[in-house]
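Structure file input16.pdb (PDB, C-alpha atoms) follows.
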```pdb
MODEL        1
ATOM      1  CA  MET E   1      -8.361   8.626  -6.593
ATOM      2  CA  ALA E   2      -9.229   5.037  -7.521
ATOM      3  CA  GLU E   3     -12.118   3.798  -5.383
ATOM      4  CA  VAL E   4     -11.558   0.503  -3.573
ATOM      5  CA  LYS E   5     -14.440  -1.704  -2.501
ATOM      6  CA  LYS E   6     -13.957  -4.217   0.289
ATOM      7  CA  GLU E   7     -15.781  -7.293  -1.035
ATOM      8  CA  GLY E   8     -15.707  -9.177   2.261
ATOM      9  CA  VAL E   9     -14.486 -12.530   3.512
ATOM     10  CA  ILE E  10     -13.895 -15.315   0.989
ATOM     11  CA  ILE E  11     -13.047 -18.190   3.344
ATOM     12  CA  ARG E  12     -12.398 -18.638   7.053
ATOM     13  CA  GLN E  13     -10.603 -21.284   9.059
ATOM     14  CA  SER E  14     -12.491 -24.528   9.502
ATOM     15  CA  GLU E  15     -12.604 -27.305  12.072
ATOM     16  CA  LEU E  16     -10.439 -29.476   9.835
ATOM     17  CA  ASP E  17      -7.180 -30.333  11.551
ATOM     18  CA  PHE E  18      -4.880 -28.868   8.887
ATOM     19  CA  GLU E  19      -6.497 -25.413   8.913
ATOM     20  CA  ASN E  20      -7.934 -25.035  12.395
ATOM     21  CA  GLU E  21      -5.798 -22.009  13.251
ATOM     22  CA  GLY E  22      -6.174 -19.927  10.112
ATOM     23  CA  VAL E  23      -6.355 -19.619   6.339
ATOM     24  CA  LEU E  24      -4.546 -16.733   4.678
ATOM     25  CA  ASN E  25      -2.318 -15.303   1.932
ATOM     26  CA  PRO E  26      -3.486 -17.212  -1.153
ATOM     27  CA  ALA E  27      -1.777 -17.770  -4.480
ATOM     28  CA  VAL E  28      -4.369 -16.867  -7.119
ATOM     29  CA  ILE E  29      -4.649 -17.753 -10.784
ATOM     30  CA  LYS E  30      -7.622 -17.210 -13.101
ATOM     31  CA  GLU E  31      -8.533 -19.497 -16.002
ATOM     32  CA  GLY E  32     -11.652 -18.435 -17.847
ATOM     33  CA  ASP E  33     -14.176 -17.539 -15.167
ATOM     34  CA  ILE E  34     -12.632 -19.951 -12.669
ATOM     35  CA  VAL E  35     -10.312 -18.625  -9.963
ATOM     36  CA  HIS E  36      -7.988 -21.093  -8.235
ATOM     37  CA  LEU E  37      -6.819 -20.260  -4.708
ATOM     38  CA  PHE E  38      -3.848 -22.109  -3.244
ATOM     39  CA  TYR E  39      -3.774 -20.772   0.273
ATOM     40  CA  ARG E  40      -1.722 -21.053   3.421
ATOM     41  CA  ALA E  41      -3.554 -23.341   5.829
ATOM     42  CA  VAL E  42      -2.343 -23.186   9.428
ATOM     43  CA  HIS E  43      -2.628 -25.979  11.974
ATOM     44  CA  LYS E  44      -2.357 -25.173  15.668
ATOM     45  CA  GLY E  45       1.280 -24.670  16.572
ATOM     46  CA  ASN E  46       1.905 -22.575  13.431
ATOM     47  CA  TYR E  47       2.413 -25.554  11.138
ATOM     48  CA  SER E  48       1.462 -24.619   7.575
ATOM     49  CA  THR E  49       0.421 -26.561   4.506
ATOM     50  CA  ILE E  50      -1.138 -25.340   1.258
ATOM     51  CA  GLY E  51      -4.870 -25.753   0.870
ATOM     52  CA  TYR E  52      -7.014 -25.338  -2.226
ATOM     53  CA  CYS E  53     -10.379 -23.854  -3.092
ATOM     54  CA  ARG E  54     -12.066 -22.958  -6.372
ATOM     55  CA  LEU E  55     -14.151 -19.908  -7.121
ATOM     56  CA  ASP E  56     -16.628 -19.593  -9.974
ATOM     57  CA  GLY E  57     -16.391 -15.905 -10.690
ATOM     58  CA  PRO E  58     -14.386 -13.673  -8.390
ATOM     59  CA  LEU E  59     -16.223 -14.299  -5.120
ATOM     60  CA  ASN E  60     -18.287 -17.520  -5.207
ATOM     61  CA  VAL E  61     -16.596 -20.526  -3.547
ATOM     62  CA  THR E  62     -17.803 -23.731  -5.206
ATOM     63  CA  GLU E  63     -15.152 -26.241  -4.183
ATOM     64  CA  ARG E  64     -12.810 -26.558  -1.214
ATOM     65  CA  ASP E  65     -10.483 -29.428  -0.418
ATOM     66  CA  THR E  66     -10.800 -31.164   2.935
ATOM     67  CA  ALA E  67      -7.107 -32.088   3.099
ATOM     68  CA  PRO E  68      -3.892 -30.230   2.257
ATOM     69  CA  PHE E  69      -3.170 -29.795  -1.432
ATOM     70  CA  LEU E  70       0.583 -29.688  -0.728
ATOM     71  CA  SER E  71       2.342 -30.749   2.460
ATOM     72  CA  PRO E  72       6.001 -30.617   3.516
ATOM     73  CA  LYS E  73       8.178 -33.405   2.109
ATOM     74  CA  PHE E  74      11.730 -32.197   2.716
ATOM     75  CA  ASP E  75      13.717 -30.924   5.687
ATOM     76  CA  TYR E  76      13.902 -27.368   4.354
ATOM     77  CA  GLU E  77      10.093 -27.084   4.622
ATOM     78  CA  LYS E  78       9.450 -29.456   7.488
ATOM     79  CA  HIS E  79       7.749 -26.875   9.710
ATOM     80  CA  GLY E  80       5.618 -25.371   6.986
ATOM     81  CA  MET E  81       4.867 -24.108   3.491
ATOM     82  CA  GLU E  82       3.764 -20.498   3.782
ATOM     83  CA  ASP E  83       2.411 -17.586   1.726
ATOM     84  CA  PRO E  84       2.256 -19.033  -1.813
ATOM     85  CA  ARG E  85       2.080 -17.041  -5.064
ATOM     86  CA  ILE E  86       1.555 -18.385  -8.567
ATOM     87  CA  VAL E  87       2.085 -17.356 -12.197
ATOM     88  CA  LYS E  88       2.064 -19.119 -15.546
ATOM     89  CA  ILE E  89       5.116 -18.586 -17.752
ATOM     90  CA  ASP E  90       4.827 -20.176 -21.187
ATOM     91  CA  ASP E  91       3.359 -23.620 -20.444
ATOM     92  CA  THR E  92       4.562 -23.908 -16.862
ATOM     93  CA  TYR E  93       2.982 -22.823 -13.586
ATOM     94  CA  TYR E  94       5.438 -21.427 -11.040
ATOM     95  CA  LEU E  95       4.165 -21.789  -7.472
ATOM     96  CA  THR E  96       6.427 -20.014  -5.015
ATOM     97  CA  TYR E  97       6.147 -20.280  -1.250
ATOM     98  CA  ILE E  98       8.149 -19.754   1.910
ATOM     99  CA  ALA E  99       9.780 -22.912   3.170
ATOM    100  CA  PHE E 100      10.123 -22.879   6.956
ATOM    101  CA  ASP E 101      12.263 -25.481   8.685
ATOM    102  CA  GLY E 102      11.648 -24.198  12.204
ATOM    103  CA  ASP E 103      14.571 -21.774  12.081
ATOM    104  CA  ASN E 104      14.913 -20.437   8.542
ATOM    105  CA  ALA E 105      12.254 -18.906   6.273
ATOM    106  CA  LEU E 106      13.342 -19.003   2.622
ATOM    107  CA  GLY E 107      11.673 -18.721  -0.778
ATOM    108  CA  ALA E 108      11.108 -22.034  -2.563
ATOM    109  CA  LEU E 109       9.549 -23.082  -5.860
ATOM    110  CA  ALA E 110       7.350 -25.863  -7.217
ATOM    111  CA  THR E 111       6.362 -26.164 -10.886
ATOM    112  CA  SER E 112       3.497 -27.810 -12.754
ATOM    113  CA  THR E 113       2.046 -28.131 -16.228
ATOM    114  CA  ASN E 114      -1.511 -28.900 -15.108
ATOM    115  CA  LEU E 115      -2.157 -27.302 -11.677
ATOM    116  CA  GLN E 116      -2.571 -30.771 -10.208
ATOM    117  CA  HIS E 117       0.882 -32.265  -9.856
ATOM    118  CA  PHE E 118       3.727 -30.028  -8.694
ATOM    119  CA  GLU E 119       7.434 -30.832  -8.786
ATOM    120  CA  ARG E 120       9.516 -29.167  -6.115
ATOM    121  CA  GLN E 121      12.544 -27.240  -7.305
ATOM    122  CA  GLY E 122      13.859 -26.455  -3.833
ATOM    123  CA  ILE E 123      14.992 -23.182  -2.317
ATOM    124  CA  VAL E 124      15.776 -20.593  -4.990
ATOM    125  CA  VAL E 125      16.752 -17.574  -2.879
ATOM    126  CA  PRO E 126      20.219 -17.104  -1.352
ATOM    127  CA  GLN E 127      21.132 -18.842   1.870
ATOM    128  CA  ILE E 128      23.514 -16.295   3.314
ATOM    129  CA  SER E 129      24.586 -15.404   6.839
ATOM    130  CA  TYR E 130      24.506 -11.830   8.014
ATOM    131  CA  ASN E 131      28.296 -11.867   8.396
ATOM    132  CA  ASP E 132      28.733 -12.804   4.729
ATOM    133  CA  PHE E 133      26.075 -10.295   3.688
ATOM    134  CA  ASP E 134      27.920  -7.568   5.589
ATOM    135  CA  ARG E 135      31.268  -8.628   4.141
ATOM    136  CA  LEU E 136      30.032  -8.509   0.560
ATOM    137  CA  THR E 137      28.058  -5.271   0.802
ATOM    138  CA  LYS E 138      29.962  -3.125   3.298
ATOM    139  CA  HIS E 139      32.337  -1.453   0.820
ATOM    140  CA  LYS E 140      29.586  -0.496  -1.605
ATOM    141  CA  PRO E 141      27.163   2.452  -1.359
ATOM    142  CA  ALA E 142      25.753   2.586   2.148
ATOM    143  CA  LEU E 143      22.599   0.537   2.648
ATOM    144  CA  ASN E 144      19.597   1.444   4.745
ATOM    145  CA  GLU E 145      20.661   0.947   8.368
ATOM    146  CA  LYS E 146      17.605  -1.233   8.872
ATOM    147  CA  TYR E 147      19.403  -4.062   7.059
ATOM    148  CA  LEU E 148      21.488  -4.270  10.212
ATOM    149  CA  ARG E 149      18.523  -3.923  12.544
ATOM    150  CA  TYR E 150      16.423  -6.628  10.914
ATOM    151  CA  ASN E 151      19.134  -9.128  10.012
ATOM    152  CA  ARG E 152      22.198  -8.893  12.262
ATOM    153  CA  ASP E 153      21.174 -11.739  14.578
ATOM    154  CA  ALA E 154      20.329 -14.134  11.739
ATOM    155  CA  ASN E 155      22.417 -17.201  11.061
ATOM    156  CA  ILE E 156      20.692 -17.351   7.657
ATOM    157  CA  LEU E 157      18.925 -14.188   6.477
ATOM    158  CA  ALA E 158      15.165 -14.570   6.158
ATOM    159  CA  ASP E 159      14.319 -14.158   2.468
ATOM    160  CA  LYS E 160      10.574 -14.035   1.843
ATOM    161  CA  ASP E 161       7.915 -12.739  -0.562
ATOM    162  CA  LEU E 162       9.226 -14.674  -3.561
ATOM    163  CA  VAL E 163       7.163 -13.583  -6.587
ATOM    164  CA  PHE E 164       7.818 -14.232 -10.300
ATOM    165  CA  PHE E 165       6.822 -11.895 -13.096
ATOM    166  CA  PRO E 166       4.273 -13.691 -15.330
ATOM    167  CA  ARG E 167       6.526 -13.671 -18.398
ATOM    168  CA  ARG E 168      10.193 -13.451 -19.285
ATOM    169  CA  ILE E 169      11.533  -9.899 -19.476
ATOM    170  CA  ASN E 170      14.160  -9.403 -22.184
ATOM    171  CA  GLY E 171      14.290 -13.188 -22.436
ATOM    172  CA  LYS E 172      14.978 -13.707 -18.729
ATOM    173  CA  LEU E 173      13.044 -15.205 -15.860
ATOM    174  CA  THR E 174      12.561 -12.375 -13.394
ATOM    175  CA  PHE E 175      11.504 -12.583  -9.787
ATOM    176  CA  LEU E 176      11.207 -10.455  -6.684
ATOM    177  CA  HIS E 177      12.317 -11.425  -3.219
ATOM    178  CA  ARG E 178      12.662  -9.587   0.064
ATOM    179  CA  ILE E 179      15.485  -9.280   2.530
ATOM    180  CA  LYS E 180      14.203  -6.609   4.905
ATOM    181  CA  PRO E 181      13.640  -3.722   4.496
ATOM    182  CA  ASP E 182      13.585  -3.511   0.661
ATOM    183  CA  ILE E 183      12.286  -5.507  -2.314
ATOM    184  CA  GLN E 184      15.068  -6.947  -4.495
ATOM    185  CA  ILE E 185      14.949  -8.252  -8.075
ATOM    186  CA  VAL E 186      16.690 -11.129  -9.884
ATOM    187  CA  SER E 187      16.907 -11.816 -13.643
ATOM    188  CA  ILE E 188      18.287 -15.106 -14.964
ATOM    189  CA  GLU E 189      18.263 -17.219 -18.092
ATOM    190  CA  SER E 190      17.673 -20.408 -16.119
ATOM    191  CA  LEU E 191      17.171 -21.543 -12.531
ATOM    192  CA  THR E 192      20.446 -23.457 -12.845
ATOM    193  CA  GLU E 193      22.301 -20.124 -12.609
ATOM    194  CA  LEU E 194      21.335 -19.732  -8.957
ATOM    195  CA  ASN E 195      24.519 -21.093  -7.399
ATOM    196  CA  ASN E 196      27.002 -19.749  -4.840
ATOM    197  CA  ILE E 197      29.051 -17.930  -7.485
ATOM    198  CA  PHE E 198      25.928 -16.148  -8.758
ATOM    199  CA  TRP E 199      24.883 -15.019  -5.291
ATOM    200  CA  GLU E 200      28.357 -13.848  -4.309
ATOM    201  CA  ASP E 201      28.410 -11.580  -7.361
ATOM    202  CA  TYR E 202      24.814 -10.518  -6.658
ATOM    203  CA  PHE E 203      25.620  -9.357  -3.145
ATOM    204  CA  SER E 204      28.846  -7.723  -4.281
ATOM    205  CA  HIS E 205      26.587  -5.418  -6.350
ATOM    206  CA  PHE E 206      23.612  -5.584  -4.020
ATOM    207  CA  ASP E 207      22.597  -1.934  -4.308
ATOM    208  CA  GLN E 208      21.983  -2.483  -8.032
ATOM    209  CA  HIS E 209      19.359  -5.147  -7.275
ATOM    210  CA  ILE E 210      17.169  -3.147  -4.893
ATOM    211  CA  MET E 211      13.955  -2.488  -6.763
ATOM    212  CA  LEU E 212      11.691  -0.823  -4.227
ATOM    213  CA  ALA E 213      12.563   0.740  -0.864
ATOM    214  CA  PRO E 214      10.327   2.324   1.785
ATOM    215  CA  LYS E 215       9.408   5.885   0.885
ATOM    216  CA  TYR E 216       6.173   6.995   2.547
ATOM    217  CA  PRO E 217       4.894   6.901   6.179
ATOM    218  CA  HIS E 218       2.626   3.872   5.693
ATOM    219  CA  GLU E 219       5.622   1.778   4.506
ATOM    220  CA  VAL E 220       8.382   3.337   6.583
ATOM    221  CA  SER E 221       9.415   0.130   8.370
ATOM    222  CA  TYR E 222       9.729  -2.176   5.349
ATOM    223  CA  VAL E 223       8.082  -3.268   2.123
ATOM    224  CA  GLY E 224       7.538  -6.676   0.527
ATOM    225  CA  ALA E 225       6.331  -8.075  -2.783
ATOM    226  CA  GLY E 226       2.659  -8.908  -2.754
ATOM    227  CA  CYS E 227       0.790 -10.074  -5.849
ATOM    228  CA  PRO E 228       2.488 -11.139  -9.093
ATOM    229  CA  PRO E 229       2.995  -8.007 -11.229
ATOM    230  CA  ILE E 230       0.227  -7.230 -13.705
ATOM    231  CA  GLU E 231       1.265  -6.210 -17.214
ATOM    232  CA  THR E 232      -0.463  -3.119 -18.627
ATOM    233  CA  GLU E 233       0.398  -1.059 -21.692
ATOM    234  CA  HIS E 234       1.769   1.627 -19.373
ATOM    235  CA  GLY E 235       3.941  -0.581 -17.185
ATOM    236  CA  TRP E 236       3.911  -3.342 -14.605
ATOM    237  CA  LEU E 237       1.340  -2.733 -11.890
ATOM    238  CA  LEU E 238       2.815  -3.975  -8.631
ATOM    239  CA  ILE E 239       0.487  -4.562  -5.697
ATOM    240  CA  TYR E 240       2.766  -4.888  -2.673
ATOM    241  CA  HIS E 241       2.586  -4.538   1.089
ATOM    242  CA  GLY E 242       3.971  -1.712   3.163
ATOM    243  CA  VAL E 243       4.575  -1.888   6.898
ATOM    244  CA  LYS E 244       4.811   0.772   9.566
ATOM    245  CA  ASP E 245       5.656   0.351  13.240
ATOM    246  CA  MET E 246       3.002   1.757  15.556
ATOM    247  CA  VAL E 247       2.741   1.796  19.344
ATOM    248  CA  LYS E 248       0.596  -1.347  19.360
ATOM    249  CA  GLY E 249       2.639  -3.176  16.688
ATOM    250  CA  TYR E 250       3.085  -3.293  12.927
ATOM    251  CA  GLU E 251       0.372  -2.258  10.478
ATOM    252  CA  TYR E 252       0.380  -3.989   7.061
ATOM    253  CA  SER E 253      -1.248  -2.096   4.184
ATOM    254  CA  CYS E 254      -1.866  -2.840   0.513
ATOM    255  CA  CYS E 255       0.153  -0.525  -1.734
ATOM    256  CA  ALA E 256       0.539   0.094  -5.474
ATOM    257  CA  ALA E 257       3.345   1.127  -7.830
ATOM    258  CA  LEU E 258       3.899   1.252 -11.586
ATOM    259  CA  LEU E 259       7.180  -0.068 -13.006
ATOM    260  CA  ASP E 260       8.815   0.148 -16.413
ATOM    261  CA  LEU E 261       7.948  -2.793 -18.687
ATOM    262  CA  ASP E 262      11.499  -3.386 -19.951
ATOM    263  CA  ASP E 263      13.340  -2.488 -16.760
ATOM    264  CA  PRO E 264      11.161  -2.977 -13.663
ATOM    265  CA  LYS E 265      13.860  -1.406 -11.493
ATOM    266  CA  LYS E 266      12.682   1.898 -12.969
ATOM    267  CA  GLU E 267       9.800   3.146 -10.865
ATOM    268  CA  ILE E 268       7.322   5.224 -12.857
ATOM    269  CA  ALA E 269       5.167   6.104  -9.860
ATOM    270  CA  ARG E 270       3.748   4.815  -6.622
ATOM    271  CA  LEU E 271       0.844   5.832  -4.436
ATOM    272  CA  SER E 272       1.863   8.071  -1.551
ATOM    273  CA  TYR E 273      -0.855   6.463   0.588
ATOM    274  CA  PRO E 274      -2.155   2.908   0.992
ATOM    275  CA  LEU E 275      -4.441   1.542  -1.695
ATOM    276  CA  PHE E 276      -6.242   0.072   1.295
ATOM    277  CA  LYS E 277      -5.372  -0.654   4.903
ATOM    278  CA  PRO E 278      -6.834  -2.451   7.935
ATOM    279  CA  GLU E 279     -10.141  -0.820   8.827
ATOM    280  CA  LEU E 280     -12.728  -3.580   9.257
ATOM    281  CA  ASP E 281     -13.082  -5.791  12.325
ATOM    282  CA  TYR E 282     -11.683  -8.882  10.615
ATOM    283  CA  GLU E 283      -8.598  -6.903   9.480
ATOM    284  CA  LEU E 284      -7.991  -5.172  12.802
ATOM    285  CA  ALA E 285      -8.182  -8.180  15.128
ATOM    286  CA  GLY E 286      -7.055 -11.761  14.587
ATOM    287  CA  ASP E 287      -4.015 -13.951  14.981
ATOM    288  CA  VAL E 288      -1.928 -10.886  14.030
ATOM    289  CA  ASP E 289      -3.805  -7.603  14.319
ATOM    290  CA  ASP E 290      -3.829  -4.806  11.727
ATOM    291  CA  VAL E 291      -2.928  -6.821   8.630
ATOM    292  CA  CYS E 292      -3.969  -6.577   4.986
ATOM    293  CA  PHE E 293      -1.473  -8.806   3.149
ATOM    294  CA  PRO E 294      -2.142  -9.002  -0.634
ATOM    295  CA  THR E 295      -0.872 -12.068  -2.494
ATOM    296  CA  GLY E 296      -2.990 -12.576  -5.617
ATOM    297  CA  THR E 297      -5.308 -10.908  -8.124
ATOM    298  CA  ALA E 298      -7.929 -11.823 -10.717
ATOM    299  CA  LEU E 299      -9.115  -9.498 -13.461
ATOM    300  CA  PHE E 300     -12.758  -9.598 -14.580
ATOM    301  CA  GLY E 301     -13.318  -6.975 -17.268
ATOM    302  CA  ASP E 302     -11.830  -3.789 -15.864
ATOM    303  CA  LYS E 303     -12.349  -4.823 -12.248
ATOM    304  CA  LEU E 304      -9.252  -6.051 -10.455
ATOM    305  CA  TYR E 305      -9.972  -8.315  -7.496
ATOM    306  CA  ILE E 306      -7.210  -8.350  -4.889
ATOM    307  CA  TYR E 307      -7.137 -11.327  -2.519
ATOM    308  CA  TYR E 308      -5.404 -10.855   0.804
ATOM    309  CA  GLY E 309      -4.815 -12.325   4.204
ATOM    310  CA  ALA E 310      -6.706 -10.385   6.881
ATOM    311  CA  ALA E 311      -5.214 -10.318  10.382
ATOM    312  CA  ASP E 312      -3.341 -13.550   9.522
ATOM    313  CA  GLU E 313      -6.555 -15.467  10.094
ATOM    314  CA  LEU E 314      -8.810 -15.446   7.021
ATOM    315  CA  ILE E 315      -8.899 -14.604   3.316
ATOM    316  CA  ALA E 316     -10.704 -11.507   2.111
ATOM    317  CA  CYS E 317     -11.018  -9.619  -1.161
ATOM    318  CA  ALA E 318     -11.096  -6.021  -2.342
ATOM    319  CA  SER E 319     -11.753  -4.657  -5.836
ATOM    320  CA  VAL E 320     -10.727  -1.605  -7.838
ATOM    321  CA  SER E 321     -10.959  -0.392 -11.430
ATOM    322  CA  LEU E 322      -7.697  -1.334 -13.126
ATOM    323  CA  ALA E 323      -7.945   1.606 -15.537
ATOM    324  CA  GLU E 324      -8.585   4.098 -12.745
ATOM    325  CA  LEU E 325      -5.683   2.817 -10.674
ATOM    326  CA  VAL E 326      -3.220   2.810 -13.571
ATOM    327  CA  ASN E 327      -4.350   6.270 -14.716
ATOM    328  CA  GLU E 328      -3.863   7.584 -11.202
ATOM    329  CA  LEU E 329      -0.324   6.237 -11.124
ATOM    330  CA  ILE E 330       0.399   7.692 -14.582
ATOM    331  CA  SER E 331      -0.785  11.088 -13.338
ATOM    332  CA  ILE E 332       1.495  10.853 -10.328
ATOM    333  CA  GLY E 333       4.412   9.890 -12.558
ATOM    334  CA  LYS E 334       3.828  12.878 -14.849
ATOM    335  CA  ALA E 335       3.700  15.227 -11.875
ATOM    336  CA  VAL E 336       7.055  14.108 -10.488
TER     337      VAL E 336
ENDMDL
END
```
Have the structure of the file written as C-alpha cells, please.
Amino acid sequence: MAEVKKEGVIIRQSELDFENEGVLNPAVIKEGDIVHLFYRAVHKGNYSTIGYCRLDGPLNVTERDTAPFLSPKFDYEKHGMEDPRIVKIDDTYYLTYIAFDGDNALGALATSTNLQHFERQGIVVPQISYNDFDRLTKHKPALNEKYLRYNRDANILADKDLVFFPRRINGKLTFLHRIKPDIQIVSIESLTELNNIFWEDYFSHFDQHIMLAPKYPHEVSYVGAGCPPIETEHGWLLIYHGVKDMVKGYEYSCCAALLDLDDPKKEIARLSYPLFKPELDYELAGDVDDVCFPTGTALFGDKLYIYYGAADELIACASVSLAELVNELISIGKAV
C-alpha cells in the first residue's frame, strides 16, 4: 500500500475582502521548482473569484496576491468562478473553472500563453435541460438511476469538474466533465466542434462517454474528476474524488485510478479504498465538513504532492510516492 503523508495546511482564508470566507480547490502547475496555485477565493455570501499564490518548492509560500487574479466579467459567471484546474497543452495554458451565474454551475475555459493574461473562451460543457437529457438517453442502455435523482429538477444540468488531459490523445483535445453521478469524457479536434449538433449526438450515445462510475463504498454516491491526469509509462494516473452519503452528510475522499494511455475510457485499475480521506480537524470541520477535494498536483522527484480543498475552507497538501502508487495500481490490475 502506498503511504500517504499529510503535509499540512498551505494557505488559509485571510481578512482580505475577496477571500474572507475561504480559500480552496486550487489549480496547480509546476514550472521548474516554482509551483503556481490559482485558487478559489470565497467572499462572504459565497461569491467566488480566483486568487493566486506562488510556492518555491512544494510547500513554501513566497508570494500571494492581495486582490483577485481573475474576477467575473460575463453574465454566465456573474456569481462566481469556482474550482479551477490548469494544464499546459503545446504552448497554451488551459485554465478551466466552474462558472456560476446564481442558478447554473457549468464548466468554462480561459486560455493563456504566459500565465498572466487569460482570454475567456466561455462555457464549453453542454447546456442541457433534464427533459432533453432524458429524451436523448432514455432509449439507450439503462443509466444509473441516480441520474434521475440528482438532475430531474434541473432546468440546466449542473456540469462540473471540467479537467483537460495535459496533451492531445490520438491528436484530439480530451477533457473530463461530470454530470452526476459519473465522470464523462469528450474528445475533439477543436473547441469549435462543441455546438448543439455535437452535444445532441453525444447524448444520443451517452453511455459510450461514461469514463468512470461509482464502484466502491467510499464513492457510492458519485464521483468527480479531481486533478489533471498524470501521464506515466503504465497509463494515466487519475486522482479524483469519491463521495459517499453518511448520516451526518456527504464525505469527500481522494481516490486513484489508472487509465489506458491511448483510450482513457479503459480502466486498468482503481484503488478499492480512498487514497486519503478526511481525518484531521481541518478536514473534518469547516464550511462543509468531511471534505478532501483534490484539484492539482506537483511532482518533485518521485514524490507527488496533491493539493486539495479541506472542508471547503482552506488549502492543504498530501504527498505520496508516484512509483509506489502506480505499482500498487498495476498489481491490482493484474489481479483482476
List as JSON, numbers by chain the protein and nucleic acid residues near segment 152-166 of chain E, meaning an atom at most 8 Å away when only C-alpha atoms are counted, but skip any in the same chain fewer than 5 places from it. {"E": [83, 85, 86, 87, 88, 89, 94, 96, 97, 98, 104, 105, 106, 107, 108, 125, 126, 127, 128, 129, 130, 131, 147, 173, 174, 175, 176, 177, 178, 179, 180, 224, 225, 226, 227, 228, 229, 230]}
All residues 6 Å or closer to Ile50 of chain E, all atoms listed in the file, same chain fewer than 3 positions away omitted, as a ChimeraX atom specification: /E:39-41,68-70
Neighbours of Phe74 of chain E within 12 Å (all atoms listed in the file; same-chain residues fewer than 6 positions away dropped), as a list in words?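 Contacts, with the query itself left out: Gly80, Met81, Ala99, Phe100, Asp101, Ala108, Arg120, Gln121, Gly122 and Ile123 of chain E.
Distances to Leu109 of chain E were evaluated for E:Asp90, E:Asp132, E:Glu313, E:Glu77 using all atoms listed in the file, and the minimum falls at E:Glu77.
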May I ask for the distance between atom CA of Ser112 of chain E and atom CA of Leu59 of chain E, given in Å to one decimal place?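 Atom CA of Leu59 of chain E lies 25.1 Å from atom CA of Ser112 of chain E.
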Given the choices E:Phe276, E:Tyr52, E:Phe133, E:Tyr307, which gets closest to Phe203 of chain E if the distance is worked out from only C-alpha atoms? E:Phe133
Matched chain/residue IDs from the PyMOL selection byres ((chain E and resi 327) around 12), as a ChimeraX atom specification: /E:1-2,232-235,237,257-258,268-271,321-326,328-334
